Amino acid sequence: KKLGVCLVGLGNYSENLLAPALQLTQHCELKGVVTGSPNKIPVWQRRYGILDRNIYNYDTMDDIANNPDIDVIYIVLPTGLHSQYAIKAAETGKHVWCEKPMAKTVEECEAIIKACNKNKVKLSIGYRMQHEPNTQTLIKWSHTRPYGKIETVKAEIGFNIQNPGNTWRMDKGLGGGLIYDVGVYSINGIRYTTGSEPISVTALHKNTRPEIFKEVEETTIFTLNFNDGLTASGKTTAAESVNILKADCENGWYQLQPFQSYTGVKGKTSDGQLLDTYIENQQAKQMDDDALSILQNKPIMVPGEEGLKDIAIVEAINESARLGSSVIL
Ligand code: NAD
């Protein structure tokens, strides 16, 4: 059986990445949509053959509870709306997939986890990198440590954004801000590369273009400290193009560059190994992995707790930047 997936929010990521990927998946398929834009419905129906009975809006979405075509509700809305709609999704009794970043606050993340537990449904967060094979090598090495003790990790991600335009990503209330949008990749990357949790954080925000970045930060630089003396530096920025995750160890180093990209994630090591396994489509792999976890009742690869831990660090980063001192996690 293929699980029926219902996408909630038909913006860029649903339209250009998830829906096409759902044409490649083996264990799940696109069956329904929830949208507030009626003009999108005929286009989606024509393109993907979605039946009238599987089309919902935000007011009717509760009725998915009675729809046997749909097994999973995938929340692909602006971050500030994730908790409200992920909870609504859990209440229908369907499994919940929720895009990263999981939500704006730890409190909201906890509310999503609680709703999924209460309704006995599974919850996955859309961190596609953890499903990507070269990234999975780094995750494995966090346990096996082939280059000895990991001493420092660096995770930097940024884009040279000249004109962000009119988007929820610039709106604090809707969960905008680089530290949420892409900063979570550096935080998650540091956590899966080290395989451990930081104990404190020091951070600062920089804004060289306050006329553009009115509500949200332009650049954030942070240091995470771990129990065993390991430190990790992170950066997220709208002022320069950068995309690297590197571990410096006792006996060598390894890195992925880019470490966060839809395609072409690749890396190398100090002794000349290449990390360049190819997969056709990350989102298809992610959704198939998550579908199989449900179908075979296996642990979810990236559960709600993963999203929550990153948001706890985002909150600590913002608190540290505000206070100008380090914050204990
Ligand atoms: P987008 O702006 O392209 O789409 C957002 C959608 O939400 C639009 O269809 C919009 O109509 C709808 N919407 C409903 N209520 C809204 C409101 N009050 N304000 C604004 N829009 C509203 O955004 P996107 O790039 O598709 O991102 C959606 C989610 O997917 C975000 O959580 C984002 O972080 C995540 N995302 C993840 C990845 C990934 O690689 N995993 C990539 C891109 C986006």
# chains A, B, ... in the order shown; residues from 1 in each chain; ligands from 1
>>> residues_near_ligand(ligand="ligand 1", cutoff="6 Å", atoms="only C-alpha atoms and all ligand atoms", output="PyMOL selection string")
chain A and resi 9-14+76-79+99-101+126-128+168+181
>>> residues_around(residues="region 306-313 of chain A", least_positions_apart="2", cutoff="7 Å", atoms="only C-alpha atoms", output="list in words")
Pro101, Met102, Thr105, Val106, Cys109, Ile125, Val184, Ile187, Asn188, Val302, Pro303, Gly304, Glu315, Ala316 and Ile317 of chain A
>>> write_last_selection(atoms="C-alpha atoms", output="CSV table (one decimal), in the first residue's frame")
chain,number,residue,atom,x,y,z
A,101,PRO,CA,11.8,24.8,11.3
A,102,MET,CA,9.3,22.9,13.4
A,105,THR,CA,9.0,28.6,20.0
A,106,VAL,CA,9.8,25.5,22.2
A,109,CYS,CA,7.0,22.5,19.4
A,125,ILE,CA,10.0,17.0,10.7
A,184,VAL,CA,18.4,25.5,11.8
A,187,ILE,CA,22.3,24.0,14.3
A,188,ASN,CA,21.0,20.6,13.1
A,302,VAL,CA,13.6,12.8,12.4
A,303,PRO,CA,10.9,13.0,15.1
A,304,GLY,CA,9.4,16.1,16.7
A,315,GLU,CA,15.7,30.6,21.4
A,316,ALA,CA,19.0,30.5,23.4
A,317,ILE,CA,20.9,32.2,20.4
>>> residues_around(residues="region 34-43 of chain A", least_positions_apart="5", cutoff="10 Å", atoms="only C-alpha atoms", output="list of chain:residue names")
A:Cys6, A:Leu7, A:Val8, A:Gly9, A:Leu10, A:Gly11, A:Tyr48, A:Gly49, A:Ile50, A:Asp52, A:Asn54, A:Ile55, A:Tyr56, A:Asn57, A:Tyr58, A:Asp59, A:Thr60, A:Met61, A:Ile64, A:Ile73, A:Tyr74, A:Ile75
>>> write_last_selection(atoms="N, CA and C atoms", output="CSV table (one decimal), in the first residue's frame")
chain,number,residue,atom,x,y,z
A,6,CYS,N,-1.5,14.4,2.0
A,6,CYS,CA,-2.2,15.7,1.7
A,6,CYS,C,-1.3,16.8,2.1
A,7,LEU,N,-1.0,17.7,1.1
A,7,LEU,CA,-0.1,18.8,1.3
A,7,LEU,C,-1.0,20.0,1.8
A,8,VAL,N,-0.5,20.7,2.9
A,8,VAL,CA,-1.2,21.8,3.4
A,8,VAL,C,-0.4,23.1,3.1
A,9,GLY,N,-0.9,23.9,2.2
A,9,GLY,CA,-0.1,25.1,1.8
A,9,GLY,C,0.6,24.8,0.5
A,10,LEU,N,0.1,25.5,-0.6
A,10,LEU,CA,0.6,25.2,-1.9
A,10,LEU,C,1.6,26.3,-2.4
A,11,GLY,N,2.5,26.7,-1.6
A,11,GLY,CA,3.5,27.7,-2.0
A,11,GLY,C,4.7,27.0,-2.8
A,48,TYR,N,-2.2,16.7,-11.3
A,48,TYR,CA,-1.9,15.5,-10.4
A,48,TYR,C,-3.2,14.7,-10.3
A,49,GLY,N,-4.2,15.0,-11.0
A,49,GLY,CA,-5.4,14.1,-10.9
A,49,GLY,C,-6.0,14.1,-9.5
A,50,ILE,N,-6.0,15.1,-8.8
A,50,ILE,CA,-6.5,15.1,-7.4
A,50,ILE,C,-8.0,15.2,-7.5
A,52,ASP,N,-12.0,15.7,-6.5
A,52,ASP,CA,-12.7,16.7,-5.8
A,52,ASP,C,-12.9,16.5,-4.3
A,54,ASN,N,-11.0,15.2,-2.3
A,54,ASN,CA,-9.7,15.4,-1.6
A,54,ASN,C,-9.1,16.8,-1.5
A,55,ILE,N,-10.0,17.7,-1.9
A,55,ILE,CA,-9.6,19.2,-1.9
A,55,ILE,C,-10.2,19.8,-0.7
A,56,TYR,N,-9.4,20.5,0.1
A,56,TYR,CA,-9.9,21.1,1.4
A,56,TYR,C,-9.4,22.6,1.4
A,57,ASN,N,-10.1,23.4,2.3
A,57,ASN,CA,-9.5,24.7,2.7
A,57,ASN,C,-9.3,24.6,4.2
A,58,TYR,N,-8.8,25.8,4.7
A,58,TYR,CA,-8.4,25.8,6.1
A,58,TYR,C,-9.5,25.6,7.1
A,59,ASP,N,-10.8,25.9,6.6
A,59,ASP,CA,-12.0,25.7,7.5
A,59,ASP,C,-12.5,24.3,7.4
A,60,THR,N,-12.3,23.6,6.2
A,60,THR,CA,-12.8,22.3,6.1
A,60,THR,C,-11.8,21.2,6.4
A,61,MET,N,-10.6,21.6,6.7
A,61,MET,CA,-9.5,20.6,6.8
A,61,MET,C,-9.8,19.5,7.9
A,64,ILE,N,-10.9,15.9,7.1
A,64,ILE,CA,-9.9,14.9,6.6
A,64,ILE,C,-10.0,13.7,7.5
A,73,ILE,N,-0.8,14.1,6.8
A,73,ILE,CA,-1.0,15.5,6.4
A,73,ILE,C,0.3,16.2,6.6
A,74,TYR,N,0.7,16.9,5.5
A,74,TYR,CA,2.1,17.5,5.5
A,74,TYR,C,1.9,19.0,5.6
A,75,ILE,N,2.4,19.6,6.6
A,75,ILE,CA,2.3,21.1,6.9
A,75,ILE,C,3.4,21.8,6.2
>>> residues_around(residues="Ile190 (chain A)", least_positions_apart="2", cutoff="8 Å", atoms="only C-alpha atoms", output="CSV table (one decimal) with C-alpha atoms, in the first residue's frame")
chain,number,residue,atom,x,y,z
A,153,VAL,CA,32.8,21.8,14.1
A,154,LYS,CA,32.0,24.7,11.8
A,155,ALA,CA,28.6,25.0,10.1
A,186,SER,CA,23.6,24.8,10.8
A,187,ILE,CA,22.3,24.0,14.3
A,188,ASN,CA,21.0,20.6,13.1
A,192,TYR,CA,24.3,15.4,13.9
A,193,THR,CA,28.0,15.9,13.2
A,194,THR,CA,28.9,15.8,16.9
A,232,ALA,CA,31.1,24.5,17.4
A,245,LEU,CA,29.9,21.9,7.4
>>> closest_residue(among="A:Met287, A:Ile150, A:Leu323, A:Gly252", to="Leu30 (chain A)", atoms="only C-alpha atoms")
A:Met287
>>> select_by_dssp(residues="region 214-304 of chain A", states="alpha helix (DSSP H)", output="PyMOL selection string")
chain A and resi 282-295+304
>>> write_last_selection(atoms="C-alpha atoms", output="tab-separated table (two decimals), in the first residue's frame")
chain	number	residue	atom	x	y	z
A	282	GLN	CA	16.10	14.10	-1.62
A	283	GLN	CA	12.47	14.87	-0.94
A	284	ALA	CA	11.34	11.57	-2.46
A	285	LYS	CA	13.85	9.71	-0.28
A	286	GLN	CA	12.73	11.62	2.81
A	287	MET	CA	9.04	10.96	2.22
A	288	ASP	CA	9.64	7.28	1.38
A	289	ASP	CA	11.74	6.84	4.54
A	290	ASP	CA	8.99	8.46	6.59
A	291	ALA	CA	6.24	6.47	4.86
A	292	LEU	CA	8.10	3.22	5.54
A	293	SER	CA	8.50	4.13	9.21
A	294	ILE	CA	4.73	4.42	9.39
A	295	LEU	CA	3.94	1.33	7.28
A	304	GLY	CA	9.44	16.09	16.69
